[in-house]
Every structure is written in C-alpha cells, then in structure tokens.
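Colleague: My structure is in input-v2.cif, and what it holds is mmCIF, C-alpha atoms:
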data_start
loop_
_atom_site.label_atom_id
_atom_site.label_comp_id
_atom_site.auth_asym_id
_atom_site.auth_seq_id
_atom_site.Cartn_x
_atom_site.Cartn_y
_atom_site.Cartn_z
CA MET C 1 35.77 4.66 -8.73
CA ALA C 2 34.71 8.05 -7.44
CA CYS C 3 33.53 6.63 -4.16
CA ASN C 4 37.09 5.81 -3.15
CA ASN C 5 37.63 9.50 -2.64
CA CYS C 6 34.54 9.91 -0.54
CA SER C 7 34.40 9.80 3.23
CA SER C 8 31.90 8.62 5.76
CA THR C 9 31.32 10.20 9.13
CA ARG C 10 31.44 8.76 12.62
CA SER C 11 31.10 11.98 14.57
CA SER C 12 27.34 11.88 15.06
CA TRP C 13 27.01 8.34 16.38
CA LEU C 14 24.69 7.67 19.25
CA ILE C 15 25.24 4.41 21.11
CA VAL C 16 22.81 3.30 23.79
CA SER C 17 23.91 0.32 25.83
CA SER C 18 22.14 -1.85 28.34
CA SER C 19 24.86 -0.98 30.82
CA SER C 20 24.34 1.78 33.35
CA THR C 21 27.98 2.84 33.01
CA LYS C 22 28.44 6.19 31.33
CA ARG C 23 30.13 5.90 27.93
CA ASP C 24 31.49 8.25 25.33
CA PRO C 25 29.09 8.38 22.34
CA LEU C 26 31.88 7.07 20.10
CA LEU C 27 32.84 4.25 22.43
CA PHE C 28 31.76 0.82 21.26
CA VAL C 29 30.41 -1.77 23.66
CA PRO C 30 33.65 -3.68 24.30
CA THR C 31 32.51 -6.84 26.07
CA CYS C 32 29.58 -9.16 26.50
CA LEU C 33 27.49 -7.87 29.37
CA LYS C 34 24.90 -9.82 31.34
CA PHE C 35 21.82 -7.99 32.53
CA ASN C 36 18.99 -8.54 34.96
CA PHE C 37 16.52 -6.78 32.69
CA PRO C 38 13.50 -8.77 31.54
CA THR C 39 13.94 -10.73 28.35
CA ALA C 40 12.07 -9.82 25.21
CA SER C 41 9.45 -12.48 25.90
CA GLN C 42 8.90 -11.11 29.42
CA ILE C 43 8.42 -7.48 28.44
CA GLN C 44 5.06 -5.81 29.11
CA TRP C 45 3.83 -6.00 25.51
CA ARG C 46 3.96 -9.71 25.02
CA SER C 47 3.04 -11.45 21.79
CA SER C 48 2.56 -15.07 20.79
CA SER C 49 5.36 -17.47 21.63
CA TYR C 50 8.30 -17.28 19.24
CA THR C 51 8.56 -21.07 19.29
CA ARG C 52 5.20 -21.49 17.60
CA ARG C 53 5.32 -21.81 13.87
CA TYR C 54 2.40 -19.43 13.32
CA PHE C 55 1.94 -15.98 14.83
CA ARG C 56 -1.76 -15.76 15.64
CA GLN C 57 -2.95 -12.39 14.46
CA PRO C 58 -6.38 -11.25 13.29
CA HIS C 59 -7.79 -13.18 10.36
CA GLU C 60 -6.62 -10.61 7.83
CA ILE C 61 -2.93 -10.81 8.81
CA GLN C 62 -1.17 -14.07 9.65
CA ARG C 63 2.52 -14.75 9.15
CA HIS C 64 4.54 -17.92 9.46
CA TRP C 65 8.11 -19.14 9.17
CA VAL C 66 9.26 -20.78 5.96
CA GLU C 67 12.18 -23.18 6.26
CA ALA C 68 15.03 -23.35 3.75
CA ALA C 69 15.48 -26.42 1.57
CA GLU C 70 17.37 -29.28 3.18
CA ASP C 71 19.93 -29.50 0.34
CA GLN C 72 21.63 -26.21 1.24
CA PRO C 73 25.38 -26.13 2.12
CA LEU C 74 26.60 -27.38 5.49
CA THR C 75 26.06 -24.80 8.19
CA SER C 76 27.09 -24.10 11.75
CA PRO C 77 24.59 -25.09 14.46
CA GLU C 78 24.65 -21.55 15.84
CA ARG C 79 21.98 -19.31 14.36
CA PHE C 80 21.15 -15.63 14.50
CA THR C 81 18.15 -13.64 13.27
CA VAL C 82 18.09 -10.24 11.59
CA ALA C 83 14.97 -8.08 11.24
CA SER C 84 14.53 -5.13 8.89
CA TYR C 85 11.57 -2.83 9.49
CA ASN C 86 10.57 0.56 8.13
CA ILE C 87 8.41 1.61 11.07
CA LEU C 88 6.84 4.75 9.49
CA ALA C 89 8.05 7.92 11.15
CA ASP C 90 5.40 9.61 13.27
CA ARG C 91 5.99 12.90 11.46
CA ASN C 92 5.56 11.24 8.05
CA ALA C 93 2.33 9.56 9.14
CA SER C 94 0.96 12.91 10.32
CA GLN C 95 2.00 14.89 7.26
CA HIS C 96 0.80 12.37 4.67
CA ARG C 97 -2.63 11.36 5.89
CA ASP C 98 -3.78 11.07 2.28
CA LEU C 99 -1.86 7.79 2.12
CA TYR C 100 -3.98 6.29 4.90
CA VAL C 101 -7.51 7.32 4.01
CA LYS C 102 -8.79 3.77 4.57
CA VAL C 103 -6.91 3.33 7.85
CA PRO C 104 -8.73 4.17 11.11
CA SER C 105 -7.08 7.10 12.83
CA ARG C 106 -6.43 5.07 15.98
CA TYR C 107 -4.08 2.85 13.97
CA ILE C 108 -2.04 5.91 12.96
CA ASN C 109 -1.55 7.11 16.53
CA TRP C 110 2.12 6.79 17.48
CA ASP C 111 1.65 5.61 21.05
CA ARG C 112 -0.47 2.75 19.81
CA ARG C 113 1.84 1.97 16.89
CA LYS C 114 4.83 1.93 19.23
CA ARG C 115 3.20 -0.78 21.32
CA VAL C 116 2.25 -2.79 18.25
CA ILE C 117 5.73 -2.52 16.76
CA CYS C 118 7.33 -3.68 20.00
CA THR C 119 4.86 -6.55 20.23
CA GLU C 120 5.81 -7.61 16.71
CA LEU C 121 9.54 -7.40 17.41
CA PHE C 122 9.36 -9.24 20.71
CA GLY C 123 7.28 -11.97 19.12
CA TRP C 124 10.02 -12.65 16.58
CA ASP C 125 12.83 -12.14 19.09
CA PRO C 126 15.48 -11.06 16.54
CA ASP C 127 19.12 -10.86 17.57
CA ILE C 128 19.77 -7.81 15.38
CA ILE C 129 17.12 -5.22 14.48
CA CYS C 130 17.51 -2.72 11.63
CA LEU C 131 14.91 0.06 11.65
CA GLN C 132 14.24 2.83 9.16
CA GLU C 133 12.15 6.01 9.51
CA VAL C 134 12.90 6.29 13.24
CA ASP C 135 12.00 9.68 14.69
CA LYS C 136 11.24 8.52 18.24
CA TYR C 137 14.51 6.76 18.91
CA PHE C 138 14.71 7.30 22.67
CA GLU C 139 11.17 6.05 23.21
CA LEU C 140 12.03 2.83 21.41
CA SER C 141 15.47 2.45 22.95
CA ASN C 142 14.06 2.80 26.45
CA ILE C 143 11.92 -0.26 25.77
CA LEU C 144 14.50 -2.31 23.88
CA VAL C 145 17.34 -1.64 26.33
CA LYS C 146 15.18 -3.04 29.12
CA ALA C 147 14.82 -6.19 27.01
CA GLY C 148 18.62 -6.60 26.79
CA TYR C 149 19.40 -4.77 23.55
CA ALA C 150 22.03 -2.12 22.89
CA GLY C 151 21.48 0.39 20.11
CA SER C 152 22.94 2.88 17.66
CA TYR C 153 21.15 5.70 15.84
CA LYS C 154 21.95 7.89 12.86
CA ARG C 155 19.60 10.77 12.11
CA ARG C 156 19.15 12.06 8.58
CA THR C 157 20.63 15.43 7.69
CA GLY C 158 18.60 18.45 6.59
CA ASP C 159 15.12 19.29 7.81
CA THR C 160 14.00 15.68 8.28
CA VAL C 161 13.83 14.29 11.79
CA ASP C 162 13.93 10.54 11.20
CA GLY C 163 16.87 8.21 10.63
CA CYS C 164 18.18 4.67 10.83
CA ALA C 165 18.57 2.70 14.06
CA MET C 166 20.15 -0.64 14.81
CA PHE C 167 19.70 -2.72 17.95
CA TRP C 168 21.43 -5.94 18.94
CA LYS C 169 21.26 -8.38 21.85
CA ALA C 170 24.15 -7.35 24.06
CA ASP C 171 24.57 -10.82 25.53
CA LYS C 172 24.93 -12.42 22.09
CA PHE C 173 26.94 -9.86 20.11
CA ARG C 174 29.63 -7.36 20.96
CA LEU C 175 30.24 -4.37 18.76
CA LEU C 176 33.74 -4.17 17.25
CA ASP C 177 33.63 -1.37 14.73
CA GLY C 178 31.36 0.63 12.48
CA GLU C 179 30.63 3.67 10.39
CA SER C 180 27.69 5.98 9.99
CA ILE C 181 27.27 7.37 6.50
CA GLN C 182 25.89 10.80 5.63
CA PHE C 183 25.25 10.77 1.92
CA LYS C 184 25.05 14.56 1.98
CA ASP C 185 28.83 14.57 2.47
CA ILE C 186 29.24 13.17 -1.04
CA GLY C 187 26.43 15.15 -2.67
CA LEU C 188 23.82 12.36 -2.51
CA ARG C 189 20.98 14.02 -0.59
CA ASP C 190 20.09 13.78 3.11
CA ASN C 191 19.75 10.01 3.47
CA VAL C 192 21.93 8.06 5.88
CA ALA C 193 23.13 4.52 6.47
CA GLN C 194 24.84 2.47 9.16
CA LEU C 195 27.54 -0.21 9.03
CA LEU C 196 28.32 -2.15 12.22
CA VAL C 197 30.74 -5.03 12.77
CA PHE C 198 29.75 -7.59 15.38
CA GLU C 199 31.43 -10.55 17.03
CA MET C 200 29.48 -13.36 18.62
CA CYS C 201 30.11 -13.37 22.35
CA GLU C 202 30.48 -17.14 22.53
CA SER C 203 32.85 -17.36 19.57
CA ASP C 204 35.37 -14.63 18.79
CA SER C 205 36.06 -16.19 15.39
CA ARG C 206 32.55 -15.50 14.12
CA ARG C 207 32.13 -11.97 12.93
CA LEU C 208 29.40 -10.27 10.99
CA LEU C 209 28.95 -6.90 9.28
CA VAL C 210 25.41 -5.52 9.17
CA GLY C 211 24.37 -2.57 7.04
CA ASN C 212 21.16 -0.59 7.43
CA ILE C 213 19.96 1.91 4.82
CA HIS C 214 16.92 3.90 3.77
CA VAL C 215 17.53 4.74 0.11
CA LEU C 216 16.17 7.99 -1.33
CA TYR C 217 12.44 7.75 -2.06
CA ASN C 218 12.15 10.09 -5.09
CA PRO C 219 11.36 7.81 -8.07
CA ASN C 220 12.75 10.37 -10.53
CA ARG C 221 16.26 10.31 -9.06
CA GLY C 222 17.47 6.88 -10.08
CA GLU C 223 21.03 8.10 -10.36
CA VAL C 224 21.05 9.08 -6.66
CA LYS C 225 19.64 5.70 -5.63
CA LEU C 226 22.39 3.92 -7.56
CA GLY C 227 25.04 6.22 -6.11
CA GLN C 228 23.89 5.62 -2.54
CA ILE C 229 23.80 1.83 -2.95
CA ARG C 230 27.15 1.79 -4.75
CA PHE C 231 28.82 3.82 -2.00
CA LEU C 232 27.31 1.76 0.82
CA SER C 233 28.47 -1.47 -0.84
CA SER C 234 31.97 -0.10 -1.33
CA ARG C 235 32.26 0.94 2.31
CA ALA C 236 30.85 -2.41 3.44
CA GLN C 237 33.44 -4.27 1.38
CA THR C 238 36.27 -2.20 2.87
CA LEU C 239 35.05 -2.73 6.43
CA SER C 240 34.49 -6.44 5.82
CA GLU C 241 38.05 -6.87 4.58
CA LYS C 242 39.36 -5.02 7.63
CA TRP C 243 37.75 -7.65 9.85
CA GLY C 244 38.86 -10.81 8.08
CA ASN C 245 36.33 -10.72 5.23
CA ALA C 246 33.41 -10.89 7.61
CA PRO C 247 30.15 -11.88 5.88
CA VAL C 248 27.76 -9.02 5.19
CA VAL C 249 24.03 -8.51 5.68
CA LEU C 250 22.52 -5.42 4.04
CA ALA C 251 19.07 -4.58 5.37
CA GLY C 252 16.73 -1.75 4.62
CA ASP C 253 14.17 0.02 2.51
CA PHE C 254 15.81 0.29 -0.90
CA ASN C 255 12.86 2.08 -2.54
CA SER C 256 13.17 -0.17 -5.59
CA THR C 257 11.03 -3.09 -6.74
CA PRO C 258 12.11 -6.64 -7.65
CA GLN C 259 11.38 -5.97 -11.34
CA SER C 260 13.59 -2.89 -11.45
CA GLY C 261 17.03 -2.12 -12.79
CA ILE C 262 18.21 -1.23 -9.30
CA TYR C 263 17.24 -4.69 -8.04
CA LYS C 264 19.26 -6.16 -10.91
CA PHE C 265 22.18 -3.94 -9.89
CA LEU C 266 22.02 -5.24 -6.33
CA SER C 267 21.68 -8.90 -7.31
CA SER C 268 24.17 -9.01 -10.19
CA SER C 269 26.72 -6.41 -8.97
CA GLU C 270 26.55 -4.42 -12.21
CA LEU C 271 24.14 -2.54 -14.45
CA ASP C 272 24.33 -0.84 -17.83
CA ILE C 273 22.36 2.25 -16.94
CA MET C 274 21.82 3.21 -20.59
CA LEU C 275 19.29 0.41 -20.91
CA TYR C 276 17.02 2.17 -18.42
CA ASP C 277 15.14 5.39 -18.04
CA ARG C 278 16.56 7.21 -15.00
CA LYS C 279 13.04 8.10 -13.84
CA GLU C 280 11.78 4.51 -14.16
CA ILE C 281 14.80 2.53 -12.99
CA SER C 282 13.43 1.99 -9.47
CA GLY C 283 10.09 0.54 -10.63
CA GLN C 284 8.14 2.53 -8.05
CA LYS C 285 5.89 4.29 -10.56
CA ARG C 286 4.26 1.01 -11.56
CA CYS C 287 3.15 0.17 -8.03
CA ARG C 288 -0.08 2.05 -7.52
CA PRO C 289 -2.57 -0.49 -6.12
CA ALA C 290 -4.85 -0.38 -9.18
CA GLN C 291 -1.89 -0.97 -11.50
CA VAL C 292 -0.51 -3.85 -9.44
CA LEU C 293 -3.83 -5.62 -9.12
CA ASP C 294 -4.38 -5.34 -12.87
CA GLU C 295 -0.88 -6.52 -13.75
CA ARG C 296 -1.17 -9.49 -11.40
CA LYS C 297 -3.33 -11.06 -14.09
CA ASP C 298 -0.22 -11.46 -16.22
CA THR C 299 3.43 -12.18 -15.53
CA VAL C 300 5.29 -8.95 -14.92
CA GLY C 301 8.82 -8.87 -16.24
CA PRO C 302 11.76 -6.59 -15.52
CA PHE C 303 11.64 -2.94 -16.50
CA ILE C 304 14.15 -2.70 -19.32
CA LEU C 305 13.94 -0.22 -22.18
CA LEU C 306 15.97 -0.52 -25.35
CA ASP C 307 14.66 2.35 -27.46
CA GLY C 308 17.64 4.66 -27.67
CA LEU C 309 17.80 6.03 -24.16
CA LEU C 310 21.42 7.15 -24.49
CA ASN C 311 20.33 10.76 -24.41
CA CYS C 312 18.19 10.59 -21.27
CA TRP C 313 21.19 10.67 -18.91
CA THR C 314 23.31 13.78 -18.52
CA ASP C 315 27.03 13.46 -17.85
CA GLU C 316 26.49 14.58 -14.26
CA GLU C 317 23.77 11.97 -13.73
CA VAL C 318 25.98 9.25 -15.20
CA LYS C 319 28.78 10.28 -12.83
CA THR C 320 26.43 10.16 -9.86
CA ALA C 321 25.22 6.69 -10.82
CA THR C 322 28.51 5.05 -11.84
CA GLY C 323 31.23 7.26 -10.39
CA ASP C 324 32.56 8.17 -13.84
CA SER C 325 30.80 10.40 -16.38
CA GLU C 326 32.36 8.39 -19.22
CA CYS C 327 31.40 4.98 -17.83
CA HIS C 328 27.89 3.66 -18.36
CA LEU C 329 28.35 0.54 -16.24
CA ALA C 330 27.51 0.86 -12.55
CA VAL C 331 29.27 -1.76 -10.42
CA HIS C 332 29.54 -2.66 -6.75
CA PRO C 333 31.99 -5.06 -5.07
CA LEU C 334 29.64 -7.34 -3.12
CA LYS C 335 28.20 -10.63 -4.28
CA LEU C 336 24.70 -10.32 -2.85
CA ASN C 337 21.82 -12.75 -2.53
CA SER C 338 18.36 -12.02 -1.16
CA SER C 339 17.32 -14.18 1.79
CA TYR C 340 13.66 -14.13 0.75
CA ALA C 341 14.43 -15.01 -2.87
CA THR C 342 16.67 -17.85 -1.61
CA VAL C 343 14.08 -19.41 0.72
CA ASN C 344 11.05 -20.38 -1.34
CA GLY C 345 7.69 -19.21 -0.04
CA SER C 346 4.06 -19.66 -0.94
CA THR C 347 2.86 -18.68 -4.41
CA SER C 348 0.27 -16.51 -2.65
CA THR C 349 2.99 -14.39 -1.03
CA ARG C 350 5.82 -14.44 -3.57
CA GLY C 351 6.16 -12.78 -6.94
CA PHE C 352 8.87 -11.85 -9.39
CA ASN C 353 12.36 -13.24 -8.54
CA GLY C 354 10.84 -15.10 -5.59
CA GLU C 355 10.61 -11.88 -3.60
CA PRO C 356 7.51 -10.97 -1.57
CA ILE C 357 4.65 -9.61 -3.64
CA ALA C 358 4.32 -6.71 -1.22
CA THR C 359 6.23 -5.37 1.77
CA SER C 360 4.43 -2.00 1.81
CA TYR C 361 0.82 -1.00 1.30
CA HIS C 362 -1.02 2.32 1.44
CA SER C 363 -3.45 4.14 -0.83
CA LYS C 364 -0.77 5.04 -3.41
CA PHE C 365 1.60 2.07 -3.26
CA LEU C 366 1.40 -1.72 -3.19
CA GLY C 367 4.66 -3.54 -3.72
CA THR C 368 8.05 -4.63 -2.42
CA VAL C 369 10.90 -2.26 -1.60
CA ASP C 370 12.40 -3.91 1.51
CA TYR C 371 15.13 -6.56 1.39
CA LEU C 372 17.59 -8.58 3.43
CA TRP C 373 20.70 -9.14 1.29
CA TYR C 374 23.62 -11.36 2.35
CA THR C 375 27.04 -12.41 1.06
CA ASP C 376 28.98 -15.67 1.08
CA GLY C 377 29.87 -17.00 4.51
CA ILE C 378 26.31 -17.15 5.82
CA VAL C 379 23.14 -18.76 4.54
CA PRO C 380 19.47 -18.14 5.40
CA THR C 381 17.90 -21.07 7.22
CA ARG C 382 14.37 -19.68 7.37
CA VAL C 383 12.42 -16.46 6.79
CA LEU C 384 9.22 -15.00 8.19
CA ASP C 385 6.94 -15.03 5.16
CA THR C 386 4.89 -12.00 4.23
CA VAL C 387 1.14 -12.15 3.58
CA PRO C 388 -1.03 -12.63 0.48
CA ILE C 389 -2.32 -9.59 -1.36
CA SER C 390 -5.88 -10.66 -0.54
CA ASP C 391 -5.15 -10.38 3.17
CA LEU C 392 -3.70 -6.90 2.74
CA LEU C 393 -6.72 -5.81 0.73
CA ARG C 394 -9.09 -7.10 3.41
CA ALA C 395 -7.13 -5.10 5.98
CA GLY C 396 -7.80 -1.98 3.90
CA GLY C 397 -4.24 -0.76 4.21
CA LEU C 398 -1.38 -0.53 6.66
CA PRO C 399 -0.94 0.14 9.57
CA CYS C 400 -3.66 -2.13 10.94
CA LYS C 401 -4.58 -3.74 14.25
CA LYS C 402 -1.54 -6.02 14.46
CA VAL C 403 0.91 -4.26 12.11
CA GLY C 404 2.37 -0.99 13.38
CA SER C 405 3.64 0.44 10.10
CA ASP C 406 2.77 0.79 6.43
CA HIS C 407 5.56 -1.74 5.79
CA LEU C 408 5.83 -5.37 6.78
CA ALA C 409 8.96 -6.33 8.69
CA LEU C 410 11.34 -8.80 7.08
CA VAL C 411 12.95 -11.35 9.41
CA SER C 412 15.52 -13.94 8.41
CA GLU C 413 17.43 -16.52 10.41
CA PHE C 414 21.00 -17.13 9.26
CA SER C 415 23.75 -19.61 9.99
CA PHE C 416 27.46 -19.39 9.27
CA SER C 417 28.55 -21.75 6.51
CA VAL C 418 31.06 -24.41 7.54
CA THR C 419 33.63 -23.36 4.93
CA HIS C 420 33.54 -19.76 6.16
CA GLU C 421 33.77 -20.92 9.78
CA LYS C 422 37.10 -22.62 9.01
CA SER C 423 38.49 -19.61 7.16
CA THR C 424 37.57 -17.17 9.93
CA ASP C 425 39.16 -19.46 12.51
CA ILE C 426 42.41 -19.17 10.56
CA VAL C 427 42.10 -15.38 10.36
CA ALA C 428 41.44 -15.17 14.11
CA LEU C 429 44.52 -17.29 14.88
CA GLN C 430 46.65 -15.11 12.61
CA GLN C 431 45.42 -11.95 14.32
CA GLN C 432 46.10 -13.42 17.78
CA HIS C 433 49.61 -14.38 16.70
CA HIS C 434 50.20 -10.87 15.35
CA LEU C 435 49.09 -9.35 18.67
CA GLN C 436 51.55 -11.57 20.54
#
Mind converting the file's structure to structure tokens?
Modeller:
Amino acid sequence: MACNNCSSTRSSWLIVSSSSTKRDPLLFVPTCLKFNFPTASQIQWRSSSYTRRYFRQPHEIQRHWVEAAEDQPLTSPERFTVASYNILADRNASQHRDLYVKVPSRYINWDRRKRVICTELFGWDPDIICLQEVDKYFELSNILVKAGYAGSYKRRTGDTVDGCAMFWKADKFRLLDGESIQFKDIGLRDNVAQLLVFEMCESDSRRLLVGNIHVLYNPNRGEVKLGQIRFLSSRAQTLSEKWGNAPVVLAGDFNSTPQSGIYKFLSSSELDIMLYDRKEISGQKRCRPAQVLDERKDTVGPFILLDGLLNCWTDEEVKTATGDSECHLAVHPLKLNSSYATVNGSTSTRGFNGEPIATSYHSKFLGTVDYLWYTDGIVPTRVLDTVPISDLLRAGGLPCKKVGSDHLALVSEFSFSVTHEKSTDIVALQQQHHLQ
C-alpha cells in the first residue's frame, strides 16, 4: 500500500510532565513519578463525585454510566478509562458565531468554557484524555499537570492554530514510545494525529497504544478522510507490533456518521469506494437538525449508492482513498470495535449501529462524529452514556451551562482481557530474556 512509503514526524512533539525536572521535548517520561499535587477530585473546579452513578447537571443535561453485559469475556480486575473530547477551539468559536445563534454569549467565552471543561473531566476522572481542537494547550496543561497528568501536544500545520492533545495520569501510566503524524507530509491536508504507547506502572506486562485524531471536516473530501484514517491505522498497527502487539484504542472526531461508508470502513476494515459518492461518504450532509429530526420518524439506514458511480472518482482520488489508483477497495489492518456500540445504552440515547444519536449539536449539525474504537486484547466494561435528543433541544444548543463544547465527551472504561494478559506476559518475559 502507498502508506508504507509515507513517513510520520516526531520533531514537533511537545511533552509536558508533572515533574519539575527539565526535559528534552523529545524525551519520554521514563518512570512512574509520584507527586504532591492535588488529585483531580481536589482541584479547584470540583464536580460531582465520580463514584456516583449519575452526574447531577441541570435538568436539560444529565449523563450516567452504562455497564457492559455480564456475559462478556473474562477480564483483568485492573481497569483504565479513556476520554475523547473535541473541546471547540476558542478561535473556531469566535469565527463561526453563526453556529451558536441560540447559545448565550457567556457560554461561548473561553475562560468560562475552560472551567466547565475541566469540571467535566475531573468529574469523570479519566486515566487517559484525548482532546481535539486544542488551541489553548498551555492553559489546559497548567491545570491538568497540577492534577497529576502529563501531556503531549501536536499542533496542526498551516494557518490553523489548534491541534490534538493527550494527557495521562503519570502515576498510573509511563510513556514508552509514540509518533506524531502530520498528514501534510503525505499530501493529506493540515490535520494531525497522535500515537502513544503506554505501560501500566504497576504491571510492565500491560501495554496500550492510544491514538488521537481529528479527521478533516470538509464533507466533499471523502477520499482525504479515508486516506487519513487508513494511514493512521497502518501506523498504529506497526507501532503495536513493535511493542508486543499492544491493544489499540483510537479516539477522536472522525467527522463521519454511523450510517456512513467511512464508519463501515472503520468497523469492517475494508470498503469498496465505488459504491459511494465521494462527497456523501461521510454522511455529514444529512445531519442538519431539521433533517435529523424529520428522519428520526423512520429508521435511517446506511448511505450506500448503487447507481453507476464508477465515474465519480478520479484516479487521483482513488489513489488518495485506497493507496492505489487501480484498486477500488480501501483496507486498513486493524480489527476495530466501537466501545459505545458494544455497550448497549438507552433507546433514547442510541441510534443506528448502537452508536449515540448525537455527540455534537449546533445550529447546522446534529449527529454523531466522535468515537472510541478498540482492538482485541481489551474490552469496554462501561461507558458514559450521551443524552437524549430532547434534552439537547431543550438546551438550545451546545455549549451550555454544564457542557463546555459543541461536542459531548465520550468516556469508556476498559479492562485487559485474560487471554491477552497471558500473551503479553510471555512477550514481556521474552523481551527480558533478550535484554539479558
């Protein structure tokens, strides 16, 4: 595949640790460090207790944990939580006020949104946080580092000022390896992604690779979306194999709906692109609020078109999407499952494929584009459910009083599967023997 000839960059990494020791920007946090900083639950902006099942928010927004079915495979008793949150860049909120005409201006103010976002995060107490649309990284890192997190940031290329950021609890995970991806380097626009490999501090045989991506927004450029996802998956597979086939979590805003061809590509590892219109393959154009509310009256199926679309893709577009201008099948190497589709939720919050009905809401969009994907070796044990459409409509739009962005965060708790735990123990022993 074409992506094998592509490269990712590590030169523009920014690592912020909870340690006061000066570090090279490319130097990973090598050990588990203990800090005297306040814990997340002790920080100034304190939310409801994480141990409560329900997070008490205003009547229009209330979220709760949904437990996985009891008949899932045997799992390790150790758990970890991953959050994915597009926090709405301050610059984007200011430049696109037409998207928030029903939102009071005070809810758009960054200083207020920053406090609300931190309150949300600290209430859920995630071990790993994946953020998109971050243009105030140092303001957030100053808060999160004091709560015991370390962080890494990758800014988008071009004229944009936001990027992707990942934070992790430094007393629970140590960073082993990683890559930051500039899609511009392979001709796929200015978007970026992160791949980090972690090891649990209390068990050096349990490793995890976490990816964080904000896929291109433009609905008309389906070939670029496919190319970005395909390349990220390929790099994740390579890095996973390097570290003993570590299980993978891919988090982010994929700018594609559950009914779309791109969702099918993610979930099935392949897609015949000739069955889809390049400009419709993400499903975004069918997510204006009026359209969604009307279509909710009927079951909405996947967007697949069979009426002779062979001529709607140029050779260059096919190459961007699949890696080969003569190949119409796009493939990626990961076997992915969605944590939210795996853990059943309420019929009032879930829609097609079991995914949330909506993870983003403003005046021109109402739908789901955010996901937490995972591979074999880990299983979701619970997820923080989203909210019914009726609650979002009563709120008038996002952000609102208790939600700091125009997206809802996704949070999933995972556990290592017992079978993977045994296999990674063997890999760890082999690596130790090799070092000796």
Colleague: Could you state which residues are captured by the PyMOL selection byres ((chain C and resi 84-88) around 10) in this file, as a ChimeraX atom specification?
Modeller: /C:82-83,89-93,108,110,113-114,117,121,126,128-135,162,164,166,212-214,250-253,359-360,370-372,399,403-412
Colleague: Enumerate, as number ranges by chain, the residues matched when the PyMOL selection byres ((chain C and resi 233-242) around 10) is run on the file above.
Modeller: C: 1, 3-4, 6-8, 177-179, 181, 194-197, 207-211, 227-232, 243-250, 266, 269, 331-336
Colleague: Enter the distance from atom CA of Arg288 of chain C to atom CA of Phe365 of chain C, in Å, rounded to one decimal.
Modeller: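 Going from atom CA of Arg288 of chain C over to atom CA of Phe365 of chain C covers 4.6 Å.
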Colleague: To verify the selection step, state as a short mmCIF file (atom, residue, chain, number, x, y, z; two decimals) with C-alpha atoms, keeping the file's coordinate frame which residues the PyMOL selection byres ((chain C and resi 400) around 12) yields on this input.
Modeller:
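Contents of selection27.cif, as written:
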data_model
loop_
_atom_site.label_atom_id
_atom_site.label_comp_id
_atom_site.auth_asym_id
_atom_site.auth_seq_id
_atom_site.Cartn_x
_atom_site.Cartn_y
_atom_site.Cartn_z
CA GLN C 57 -2.95 -12.39 14.46
CA PRO C 58 -6.38 -11.25 13.29
CA HIS C 59 -7.79 -13.18 10.36
CA GLU C 60 -6.62 -10.61 7.83
CA ILE C 61 -2.93 -10.81 8.81
CA TYR C 100 -3.98 6.29 4.90
CA LYS C 102 -8.79 3.77 4.57
CA VAL C 103 -6.91 3.33 7.85
CA PRO C 104 -8.73 4.17 11.11
CA SER C 105 -7.08 7.10 12.83
CA ARG C 106 -6.43 5.07 15.98
CA TYR C 107 -4.08 2.85 13.97
CA ILE C 108 -2.04 5.91 12.96
CA ASN C 109 -1.55 7.11 16.53
CA ARG C 112 -0.47 2.75 19.81
CA ARG C 113 1.84 1.97 16.89
CA VAL C 116 2.25 -2.79 18.25
CA ILE C 117 5.73 -2.52 16.76
CA TYR C 361 0.82 -1.00 1.30
CA HIS C 362 -1.02 2.32 1.44
CA ASP C 391 -5.15 -10.38 3.17
CA LEU C 392 -3.70 -6.90 2.74
CA LEU C 393 -6.72 -5.81 0.73
CA ARG C 394 -9.09 -7.10 3.41
CA ALA C 395 -7.13 -5.10 5.98
CA GLY C 396 -7.80 -1.98 3.90
CA GLY C 397 -4.24 -0.76 4.21
CA LEU C 398 -1.38 -0.53 6.66
CA PRO C 399 -0.94 0.14 9.57
CA LYS C 401 -4.58 -3.74 14.25
CA LYS C 402 -1.54 -6.02 14.46
CA VAL C 403 0.91 -4.26 12.11
CA GLY C 404 2.37 -0.99 13.38
CA SER C 405 3.64 0.44 10.10
CA ASP C 406 2.77 0.79 6.43
CA HIS C 407 5.56 -1.74 5.79
CA LEU C 408 5.83 -5.37 6.78
#
Colleague: Distance atom CA of Ile273 of chain C-atom CA of Cys287 of chain C, one decimal place?
Modeller: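 Distance reported for this atom pair: 21.3 Å.
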Colleague: Kindly give the distance, in Å, that separates atom CA of Asp125 of chain C and atom CA of Leu384 of chain C, rounded to a single decimal.
Modeller: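 Atom CA of Asp125 of chain C sits 11.8 Å away from atom CA of Leu384 of chain C.
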Colleague: Let me make sure I understand: among C:Ala330, C:Val224, C:Leu74, C:Val161, which one has the smallest atom-to-atom distance to Phe265 of chain C if we use all atoms listed in the file?
Modeller: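 Using all atoms listed in the file, the shortest distance to Phe265 of chain C belongs to C:Ala330.
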